[in-house]
file query24.txt (compact mmCIF, C-alpha atoms)
# COMPACT_ATOMS: atom_id res chain seq x y z
CA MET A 1 -0.82 -17.05 -19.76
CA LYS A 2 0.49 -13.58 -18.93
CA ASN A 3 -1.76 -11.07 -17.21
CA THR A 4 -1.98 -8.15 -19.65
CA ALA A 5 -4.13 -5.87 -17.48
CA ILE A 6 -2.60 -2.51 -16.58
CA PRO A 7 -2.02 -2.49 -12.82
CA LYS A 8 -3.70 0.00 -10.54
CA VAL A 9 -1.35 2.65 -9.18
CA LYS A 10 -1.43 3.70 -5.53
CA ILE A 11 0.67 6.72 -4.62
CA CYS A 12 1.53 6.64 -0.94
CA CYS A 13 2.92 9.16 1.56
CA ILE A 14 0.60 11.91 0.30
CA SER A 15 1.45 14.94 2.43
CA SER A 16 -0.96 17.68 1.30
CA THR A 17 -4.10 18.37 -0.69
CA ALA A 18 -1.88 19.69 -3.50
CA GLU A 19 0.04 16.39 -3.66
CA ALA A 20 -3.24 14.46 -3.68
CA LEU A 21 -4.55 16.43 -6.64
CA THR A 22 -1.23 16.13 -8.49
CA ALA A 23 -1.17 12.34 -8.07
CA ILE A 24 -4.78 12.10 -9.23
CA SER A 25 -4.13 14.27 -12.30
CA HIS A 26 -1.41 11.86 -13.44
CA GLY A 27 -3.65 8.80 -13.12
CA ALA A 28 -3.42 7.46 -9.56
CA SER A 29 -6.35 5.21 -8.70
CA ALA A 30 -5.62 5.18 -4.96
CA LEU A 31 -3.83 7.37 -2.42
CA GLY A 32 -2.09 6.29 0.77
CA LEU A 33 -2.24 8.42 3.92
CA VAL A 34 0.27 7.55 6.64
CA SER A 35 -0.77 7.86 10.27
CA ASN A 36 1.63 7.53 13.20
CA MET A 37 4.38 4.94 12.57
CA PRO A 38 7.38 3.66 14.53
CA SER A 39 9.63 4.49 11.56
CA GLY A 40 9.60 5.40 7.89
CA PRO A 41 8.57 8.40 5.76
CA GLY A 42 5.27 10.06 4.99
CA VAL A 43 3.71 10.42 8.44
CA ILE A 44 1.30 13.36 8.54
CA SER A 45 -0.93 14.86 11.21
CA ASP A 46 -4.49 13.75 11.84
CA GLU A 47 -5.64 17.20 10.75
CA MET A 48 -3.87 16.90 7.39
CA ILE A 49 -5.31 13.42 6.78
CA LEU A 50 -8.80 14.85 7.28
CA LYS A 51 -8.11 17.72 4.86
CA ILE A 52 -6.80 15.37 2.17
CA VAL A 53 -9.71 12.94 2.49
CA GLU A 54 -12.10 15.83 1.86
CA VAL A 55 -10.64 16.62 -1.61
CA ILE A 56 -10.35 13.06 -2.94
CA PRO A 57 -13.14 12.17 -5.41
CA GLU A 58 -15.42 9.28 -4.51
CA THR A 59 -14.21 7.42 -7.59
CA LEU A 60 -10.75 7.01 -6.01
CA ASP A 61 -9.75 4.74 -3.17
CA THR A 62 -8.25 6.10 0.04
CA PHE A 63 -5.94 3.94 2.14
CA LEU A 64 -5.20 4.77 5.78
CA LEU A 65 -1.90 3.20 6.80
CA THR A 66 -2.15 2.18 10.43
CA SER A 67 0.38 0.50 12.71
CA GLU A 68 -2.30 -0.22 15.33
CA ILE A 69 -2.83 -3.93 15.99
CA GLU A 70 -5.84 -3.95 18.34
CA THR A 71 -9.40 -3.87 17.00
CA LYS A 72 -10.57 -1.04 19.24
CA GLN A 73 -7.75 1.32 18.25
CA ILE A 74 -8.08 0.54 14.55
CA ILE A 75 -11.81 1.24 14.63
CA LEU A 76 -11.26 4.51 16.48
CA GLN A 77 -8.89 5.59 13.72
CA HIS A 78 -11.34 4.60 11.03
CA LYS A 79 -14.21 6.51 12.64
CA LYS A 80 -12.04 9.61 12.64
CA PHE A 81 -10.84 9.48 9.04
CA LYS A 82 -13.43 7.30 7.26
CA THR A 83 -11.13 6.11 4.48
CA ARG A 84 -12.44 3.36 2.23
CA THR A 85 -9.54 1.04 2.99
CA LEU A 86 -7.42 0.22 6.02
CA GLN A 87 -3.85 -0.81 5.29
CA LEU A 88 -2.57 -2.82 8.24
CA VAL A 89 1.20 -2.45 8.20
CA ASP A 90 1.93 -4.70 11.18
CA GLU A 91 0.87 -8.26 11.92
CA VAL A 92 -2.44 -8.66 13.75
CA LYS A 93 -4.14 -11.65 15.32
CA LEU A 94 -6.71 -13.47 13.21
CA ASN A 95 -9.56 -12.44 15.49
CA VAL A 96 -8.79 -8.78 14.66
CA TYR A 97 -9.71 -9.35 11.00
CA GLU A 98 -12.95 -11.04 12.04
CA GLU A 99 -13.85 -8.28 14.48
CA LEU A 100 -13.11 -5.55 11.95
CA LYS A 101 -15.22 -7.30 9.30
CA TYR A 102 -18.08 -7.50 11.79
CA GLU A 103 -17.80 -3.94 13.13
CA ILE A 104 -17.01 -2.08 9.88
CA PRO A 105 -17.97 -4.47 7.05
CA GLU A 106 -18.01 -1.68 4.46
CA VAL A 107 -14.26 -1.06 4.86
CA LYS A 108 -11.71 -3.02 2.85
CA LEU A 109 -8.79 -4.58 4.70
CA VAL A 110 -5.36 -4.75 3.09
CA GLN A 111 -2.63 -6.56 4.99
CA VAL A 112 1.01 -5.65 4.37
CA ILE A 113 3.35 -8.62 4.04
CA HIS A 114 7.01 -7.77 4.50
CA VAL A 115 8.76 -10.07 2.07
CA ILE A 116 11.81 -11.33 3.93
CA ASP A 117 12.28 -14.92 2.74
CA GLU A 118 10.34 -17.98 1.56
CA SER A 119 8.44 -18.12 4.87
CA SER A 120 6.57 -15.02 3.70
CA ILE A 121 4.75 -17.22 1.16
CA ASP A 122 3.08 -19.38 3.80
CA TYR A 123 2.25 -16.38 5.96
CA ALA A 124 0.64 -14.54 3.05
CA ASN A 125 -1.40 -17.60 2.12
CA SER A 126 -2.56 -18.16 5.71
CA ILE A 127 -3.99 -14.65 6.14
CA SER A 128 -5.24 -14.09 2.59
CA LYS A 129 -8.66 -15.57 3.37
CA TYR A 130 -9.26 -12.90 6.02
CA VAL A 131 -8.52 -9.79 3.95
CA ASP A 132 -9.59 -8.11 0.73
CA ALA A 133 -6.05 -7.76 -0.63
CA ILE A 134 -2.44 -8.06 0.40
CA LEU A 135 0.40 -5.63 -0.22
CA LEU A 136 3.90 -7.00 -0.62
CA ASP A 137 6.54 -4.60 0.68
CA SER A 138 10.12 -4.46 1.86
CA GLY A 139 10.79 -4.04 5.55
CA ASN A 140 11.28 -6.07 8.70
CA PRO A 141 8.74 -6.04 11.56
CA ASN A 142 11.12 -8.14 13.68
CA LEU A 143 13.64 -5.35 14.25
CA LYS A 144 13.85 -3.53 17.60
CA VAL A 145 12.40 -0.46 15.86
CA LYS A 146 9.95 -2.06 13.46
CA GLU A 147 10.59 -1.32 9.79
CA LEU A 148 7.05 -1.32 8.43
CA GLY A 149 7.59 -0.25 4.82
CA GLY A 150 8.69 3.02 3.29
CA THR A 151 12.23 1.69 2.95
CA GLY A 152 12.73 2.56 -0.72
CA LYS A 153 14.37 -0.88 -1.08
CA VAL A 154 13.53 -3.64 -3.53
CA HIS A 155 12.85 -7.11 -2.14
CA ASP A 156 13.02 -10.49 -3.90
CA TRP A 157 10.36 -10.28 -6.61
CA SER A 158 10.58 -14.02 -7.26
CA ILE A 159 9.07 -14.58 -3.80
CA SER A 160 6.41 -11.96 -4.51
CA SER A 161 5.55 -13.76 -7.73
CA LYS A 162 5.09 -17.05 -5.86
CA ILE A 163 2.81 -15.31 -3.36
CA ARG A 164 0.73 -13.78 -6.16
CA GLU A 165 0.32 -17.21 -7.74
CA LYS A 166 -0.70 -18.83 -4.45
CA VAL A 167 -3.27 -16.43 -2.99
CA ASP A 168 -6.80 -15.79 -4.21
CA VAL A 169 -6.98 -12.07 -3.43
CA PRO A 170 -5.57 -9.06 -5.29
CA VAL A 171 -1.88 -8.35 -4.70
CA PHE A 172 -0.26 -4.92 -4.61
CA LEU A 173 3.50 -4.72 -5.08
CA ALA A 174 5.57 -2.12 -3.22
CA GLY A 175 9.17 -1.60 -2.19
CA GLY A 176 11.68 0.50 -4.10
CA LEU A 177 9.60 0.91 -7.26
CA ASN A 178 10.50 3.77 -9.60
CA PRO A 179 10.13 4.73 -13.29
CA GLU A 180 13.22 2.69 -14.21
CA ASN A 181 12.26 -0.66 -12.63
CA VAL A 182 8.46 -0.75 -12.47
CA ARG A 183 8.03 -2.35 -15.91
CA GLU A 184 10.34 -5.25 -14.93
CA ALA A 185 8.50 -5.55 -11.61
CA ILE A 186 5.13 -5.76 -13.35
CA GLU A 187 6.36 -8.38 -15.82
CA THR A 188 7.93 -10.45 -13.03
CA VAL A 189 5.14 -10.37 -10.43
CA GLU A 190 2.04 -9.49 -12.49
CA PRO A 191 0.43 -7.67 -9.56
CA TYR A 192 -3.09 -6.28 -9.39
CA GLY A 193 -1.56 -2.94 -8.40
CA VAL A 194 1.71 -1.17 -7.66
CA ASP A 195 2.37 1.11 -4.72
CA LEU A 196 5.16 3.60 -4.18
CA CYS A 197 6.30 6.53 -2.08
CA SER A 198 9.87 7.73 -2.63
CA GLY A 199 10.20 6.54 -6.25
CA VAL A 200 8.32 9.55 -7.64
CA ARG A 201 9.72 12.14 -5.24
CA THR A 202 12.60 14.60 -5.26
CA ASN A 203 13.72 15.99 -1.91
CA GLY A 204 10.64 14.44 -0.35
CA LYS A 205 8.14 16.16 -2.66
CA LEU A 206 6.13 14.67 -5.51
CA ASP A 207 8.00 15.20 -8.77
CA GLU A 208 5.69 15.62 -11.78
CA GLY A 209 8.41 14.58 -14.18
CA LYS A 210 8.97 11.31 -12.31
CA LEU A 211 5.22 10.77 -12.03
CA LYS A 212 4.85 11.14 -15.80
CA LYS A 213 7.68 8.68 -16.49
CA PHE A 214 6.30 6.22 -13.95
CA PHE A 215 2.84 6.13 -15.47
CA GLU A 216 4.30 5.85 -18.96
CA ALA A 217 6.30 2.82 -17.83
CA VAL A 218 3.27 1.22 -16.15
CA ARG A 219 1.17 1.61 -19.28
CA SER A 220 3.84 0.43 -21.72
CA SER A 221 3.82 -3.15 -22.97
call {"tool": "encode", "arguments": {"input": "query24.txt", "output": "structure tokens"}}
result
Amino acid sequence: MKNTAIPKVKICCISSTAEALTAISHGASALGLVSNMPSGPGVISDEMILKIVEVIPETLDTFLLTSEIETKQIILQHKKFKTRTLQLVDEVKLNVYEELKYEIPEVKLVQVIHVIDESSIDYANSISKYVDAILLDSGNPNLKVKELGGTGKVHDWSISSKIREKVDVPVFLAGGLNPENVREAIETVEPYGVDLCSGVRTNGKLDEGKLKKFFEAVRSS
């Protein structure tokens, strides 16, 4: 039976308070704030992250994207920004999930899975019991300079669909989504939520026209 629920929409790479408010006005249910990364778009200063967090209503979720992999460093980041959710963009050891759940139990953990091939299915299933959700993205953490999302590229949605069927936690779908392909992506994967950065931007800035078209496509049947 097809999942007919309208997916949540997370707009990532928010770069200013104005962008945050624009995304919210169009219907975003979550915003992604990018801290220091080895590569990819959307990185903003600590000061800007703090300013954006201040203007986001409590009814919306805030995701801090972190490339840190050690418990101590992740917790230090959280204490500074106090977002509701931590999006772990790199692989961490299993004990890190357990330590984070013990130290900051009120914070949701979302692990990014870079969908490369069929092996991603087993990896996603193995870590799903430790996190609150997983986010399926394009990228490759095995490169010399890790590619941890923000590629603007579509991955194999058939693999993402298999992952969604296998795991027992909510699944967000990311990677090259835009107003033209998001409806097909939703029908193929049936995710809990969709996540995008460049697909609703023009010259790096949020484009209200693209935002409008994107949300129309998400809500269409």
call {"tool": "residues_near_point", "arguments": {"input": "query24.txt", "point": "(-16.2, -1.9, 9.0)", "cutoff": "12 Å", "atoms": "only C-alpha atoms", "output": "list in words"}}
result
Thr71, Lys72, Ile74, Ile75, Leu76, Gln77, His78, Lys79, Lys82, Thr83, Arg84, Thr85, Leu86, Val96, Tyr97, Glu98, Glu99, Leu100, Lys101, Tyr102, Glu103, Ile104, Pro105, Glu106, Val107, Lys108 and Leu109 of chain A
call {"tool": "residues_around", "arguments": {"input": "query24.txt", "residues": "range 182-190 of chain A", "least_positions_apart": "3", "cutoff": "12 Å", "atoms": "all atoms listed in the file", "output": "JSON, numbers by chain"}}
result
{"A": [1, 2, 3, 4, 5, 6, 7, 8, 9, 136, 154, 155, 156, 157, 158, 159, 160, 161, 162, 163, 164, 165, 166, 170, 171, 172, 173, 174, 175, 176, 177, 178, 179, 193, 194, 195, 196, 199, 200, 211, 213, 214, 215, 216, 217, 218, 219, 220, 221]}
call {"tool": "residues_around", "arguments": {"input": "query24.txt", "residues": "Asp46 in chain A", "least_positions_apart": "4", "cutoff": "9 Å", "atoms": "all atoms listed in the file", "output": "ChimeraX atom specification"}}
result
/A:35-36,50-51,80-81
call {"tool": "closest_residue", "arguments": {"input": "query24.txt", "among": "A:Ala124, A:Leu31, A:Ile116, A:Cys12", "to": "Val53 in chain A", "atoms": "all atoms listed in the file"}}
result
A:Leu31
call {"tool": "residues_around", "arguments": {"input": "query24.txt", "residues": "Ser16 in chain A", "least_positions_apart": "2", "cutoff": "9 Å", "atoms": "all atoms listed in the file", "output": "number ranges by chain"}}
result
A: 14, 18-21, 44, 48-49, 51-52
call {"tool": "residues_around", "arguments": {"input": "query24.txt", "residues": "Lys129 in chain A", "least_positions_apart": "6", "cutoff": "10 Å", "atoms": "only C-alpha atoms", "output": "ChimeraX atom specification"}}
result
/A:97,167-169
call {"tool": "closest_residue", "arguments": {"input": "query24.txt", "among": "A:Thr59, A:Glu70, A:Asp117, A:Cys197", "to": "Leu33 in chain A", "atoms": "only C-alpha atoms"}}
result
A:Cys197
call {"tool": "closest_residue", "arguments": {"input": "query24.txt", "among": "A:Asn125, A:Ala28, A:Ala133, A:Thr66", "to": "Lys212 in chain A", "atoms": "only C-alpha atoms"}}
result
A:Ala28
call {"tool": "atom_distance", "arguments": {"input": "query24.txt", "atom1": "CA of Gly209 in chain A", "atom2": "CA of Ile56 in chain A"}}
result
21.9 Å
call {"tool": "closest_residue", "arguments": {"input": "query24.txt", "among": "A:Val34, A:Ile24, A:Ile11, A:Ile69", "to": "Leu88 in chain A", "atoms": "all atoms listed in the file"}}
result
A:Ile69
call {"tool": "axis_aligned_box", "arguments": {"input": "query24.txt", "around": "range 211-215 of chain A", "padding_each_side": "3 Å", "output": "AutoDock Vina command-line options"}}
result
--center_x 5.3 --center_y 8.6 --center_z -14.3 --size_x 10.8 --size_y 11.0 --size_z 10.5
call {"tool": "atom_distance", "arguments": {"input": "query24.txt", "atom1": "CA of Gly32 in chain A", "atom2": "CA of Ser15 in chain A"}}
result
9.5 Å
call {"tool": "closest_residue", "arguments": {"input": "query24.txt", "among": "A:Gly42, A:Ser126, A:Lys153, A:Cys13", "to": "Asn181 in chain A", "atoms": "all atoms listed in the file"}}
result
A:Lys153
call {"tool": "atom_distance", "arguments": {"input": "query24.txt", "atom1": "CA of Gly27 in chain A", "atom2": "CA of Lys10 in chain A"}}
result
9.4 Å
call {"tool": "residues_around", "arguments": {"input": "query24.txt", "residues": "Gln87 in chain A", "least_positions_apart": "3", "cutoff": "8 Å", "atoms": "all atoms listed in the file", "output": "JSON, numbers by chain"}}
result
{"A": [63, 64, 65, 66, 109, 110, 111, 112]}
call {"tool": "write_last_selection", "arguments": {"input": "query24.txt", "atoms": "C-alpha atoms", "output": "mmCIF file, in the frame of the given file"}}
result
data_model
loop_
_atom_site.group_PDB
_atom_site.id
_atom_site.type_symbol
_atom_site.label_atom_id
_atom_site.label_comp_id
_atom_site.auth_asym_id
_atom_site.auth_seq_id
_atom_site.Cartn_x
_atom_site.Cartn_y
_atom_site.Cartn_z
ATOM 1 C CA PHE A 63 -5.940 3.940 2.140
ATOM 2 C CA LEU A 64 -5.200 4.770 5.780
ATOM 3 C CA LEU A 65 -1.900 3.200 6.800
ATOM 4 C CA THR A 66 -2.150 2.180 10.430
ATOM 5 C CA LEU A 109 -8.790 -4.580 4.700
ATOM 6 C CA VAL A 110 -5.360 -4.750 3.090
ATOM 7 C CA GLN A 111 -2.630 -6.560 4.990
ATOM 8 C CA VAL A 112 1.010 -5.650 4.370
#
call {"tool": "build_atoms", "arguments": {"input": "query24.txt", "residues": "range 17-52 of chain A", "atoms": "N, CA and C atoms", "output": "mmCIF file, keeping the file's coordinate frame"}}
result
data_model
loop_
_atom_site.group_PDB
_atom_site.id
_atom_site.type_symbol
_atom_site.label_atom_id
_atom_site.label_comp_id
_atom_site.auth_asym_id
_atom_site.auth_seq_id
_atom_site.Cartn_x
_atom_site.Cartn_y
_atom_site.Cartn_z
ATOM 1 N N THR A 17 -3.029 18.417 0.301
ATOM 2 C CA THR A 17 -4.100 18.370 -0.690
ATOM 3 C C THR A 17 -3.529 18.593 -2.096
ATOM 4 N N ALA A 18 -2.507 19.437 -2.201
ATOM 5 C CA ALA A 18 -1.880 19.690 -3.500
ATOM 6 C C ALA A 18 -1.254 18.419 -4.057
ATOM 7 N N GLU A 19 -0.557 17.658 -3.197
ATOM 8 C CA GLU A 19 0.040 16.390 -3.660
ATOM 9 C C GLU A 19 -1.045 15.408 -4.075
ATOM 10 N N ALA A 20 -2.137 15.364 -3.333
ATOM 11 C CA ALA A 20 -3.240 14.460 -3.680
ATOM 12 C C ALA A 20 -3.761 14.770 -5.077
ATOM 13 N N LEU A 21 -4.011 16.037 -5.345
ATOM 14 C CA LEU A 21 -4.550 16.430 -6.640
ATOM 15 C C LEU A 21 -3.551 16.201 -7.773
ATOM 16 N N THR A 22 -2.267 16.388 -7.483
ATOM 17 C CA THR A 22 -1.230 16.130 -8.490
ATOM 18 C C THR A 22 -1.186 14.648 -8.847
ATOM 19 N N ALA A 23 -1.202 13.789 -7.835
ATOM 20 C CA ALA A 23 -1.170 12.340 -8.070
ATOM 21 C C ALA A 23 -2.390 11.904 -8.871
ATOM 22 N N ILE A 24 -3.545 12.451 -8.527
ATOM 23 C CA ILE A 24 -4.780 12.100 -9.230
ATOM 24 C C ILE A 24 -4.713 12.541 -10.691
ATOM 25 N N SER A 25 -4.184 13.739 -10.924
ATOM 26 C CA SER A 25 -4.130 14.270 -12.300
ATOM 27 C C SER A 25 -3.257 13.425 -13.208
ATOM 28 N N HIS A 26 -2.297 12.705 -12.634
ATOM 29 C CA HIS A 26 -1.410 11.860 -13.440
ATOM 30 C C HIS A 26 -1.949 10.449 -13.609
ATOM 31 N N GLY A 27 -3.028 10.110 -12.896
ATOM 32 C CA GLY A 27 -3.650 8.800 -13.120
ATOM 33 C C GLY A 27 -3.700 7.866 -11.935
ATOM 34 N N ALA A 28 -3.345 8.338 -10.735
ATOM 35 C CA ALA A 28 -3.420 7.460 -9.560
ATOM 36 C C ALA A 28 -4.851 7.009 -9.321
ATOM 37 N N SER A 29 -5.027 5.738 -9.001
ATOM 38 C CA SER A 29 -6.350 5.210 -8.700
ATOM 39 C C SER A 29 -6.572 5.065 -7.200
ATOM 40 N N ALA A 30 -5.511 5.251 -6.418
ATOM 41 C CA ALA A 30 -5.620 5.180 -4.960
ATOM 42 C C ALA A 30 -4.510 6.023 -4.338
ATOM 43 N N LEU A 31 -4.804 6.563 -3.150
ATOM 44 C CA LEU A 31 -3.830 7.370 -2.420
ATOM 45 C C LEU A 31 -3.648 6.803 -1.023
ATOM 46 N N GLY A 32 -2.399 6.792 -0.560
ATOM 47 C CA GLY A 32 -2.090 6.290 0.770
ATOM 48 C C GLY A 32 -1.767 7.416 1.728
ATOM 49 N N LEU A 33 -2.417 7.399 2.888
ATOM 50 C CA LEU A 33 -2.240 8.420 3.920
ATOM 51 C C LEU A 33 -1.646 7.751 5.151
ATOM 52 N N VAL A 34 -0.490 8.224 5.588
ATOM 53 C CA VAL A 34 0.270 7.550 6.640
ATOM 54 C C VAL A 34 0.003 8.185 7.999
ATOM 55 N N SER A 35 -0.595 7.403 8.892
ATOM 56 C CA SER A 35 -0.770 7.860 10.270
ATOM 57 C C SER A 35 0.475 7.513 11.069
ATOM 58 N N ASN A 36 0.444 7.710 12.359
ATOM 59 C CA ASN A 36 1.630 7.530 13.200
ATOM 60 C C ASN A 36 2.279 6.157 13.016
ATOM 61 N N MET A 37 3.610 6.165 12.804
ATOM 62 C CA MET A 37 4.380 4.940 12.570
ATOM 63 C C MET A 37 5.627 4.928 13.449
ATOM 64 N N PRO A 38 6.147 3.730 13.756
ATOM 65 C CA PRO A 38 7.380 3.660 14.530
ATOM 66 C C PRO A 38 8.605 4.124 13.755
ATOM 67 N N SER A 39 8.521 4.051 12.404
ATOM 68 C CA SER A 39 9.630 4.490 11.560
ATOM 69 C C SER A 39 9.102 4.710 10.156
ATOM 70 N N GLY A 40 9.956 5.257 9.297
ATOM 71 C CA GLY A 40 9.600 5.400 7.890
ATOM 72 C C GLY A 40 9.073 6.790 7.552
ATOM 73 N N PRO A 41 8.955 7.076 6.240
ATOM 74 C CA PRO A 41 8.570 8.400 5.760
ATOM 75 C C PRO A 41 7.060 8.567 5.664
ATOM 76 N N GLY A 42 6.648 9.805 5.403
ATOM 77 C CA GLY A 42 5.270 10.060 4.990
ATOM 78 C C GLY A 42 4.258 10.303 6.086
ATOM 79 N N VAL A 43 4.670 10.223 7.348
ATOM 80 C CA VAL A 43 3.710 10.420 8.440
ATOM 81 C C VAL A 43 3.210 11.866 8.430
ATOM 82 N N ILE A 44 1.888 12.029 8.487
ATOM 83 C CA ILE A 44 1.300 13.360 8.540
ATOM 84 C C ILE A 44 0.332 13.442 9.719
ATOM 85 N N SER A 45 -0.060 14.650 10.059
ATOM 86 C CA SER A 45 -0.930 14.860 11.210
ATOM 87 C C SER A 45 -2.349 14.381 10.934
ATOM 88 N N ASP A 46 -3.085 14.126 11.991
ATOM 89 C CA ASP A 46 -4.490 13.750 11.840
ATOM 90 C C ASP A 46 -5.260 14.837 11.095
ATOM 91 N N GLU A 47 -4.951 16.078 11.384
ATOM 92 C CA GLU A 47 -5.640 17.200 10.750
ATOM 93 C C GLU A 47 -5.404 17.213 9.240
ATOM 94 N N MET A 48 -4.173 16.920 8.821
ATOM 95 C CA MET A 48 -3.870 16.900 7.390
ATOM 96 C C MET A 48 -4.552 15.722 6.705
ATOM 97 N N ILE A 49 -4.608 14.564 7.360
ATOM 98 C CA ILE A 49 -5.310 13.420 6.780
ATOM 99 C C ILE A 49 -6.755 13.787 6.497
ATOM 100 N N LEU A 50 -7.404 14.457 7.449
ATOM 101 C CA LEU A 50 -8.800 14.850 7.280
ATOM 102 C C LEU A 50 -8.960 15.820 6.109
ATOM 103 N N LYS A 51 -8.036 16.755 5.962
ATOM 104 C CA LYS A 51 -8.110 17.720 4.860
ATOM 105 C C LYS A 51 -7.961 17.023 3.507
ATOM 106 N N ILE A 52 -7.038 16.064 3.431
ATOM 107 C CA ILE A 52 -6.800 15.370 2.170
ATOM 108 C C ILE A 52 -8.007 14.508 1.788
#
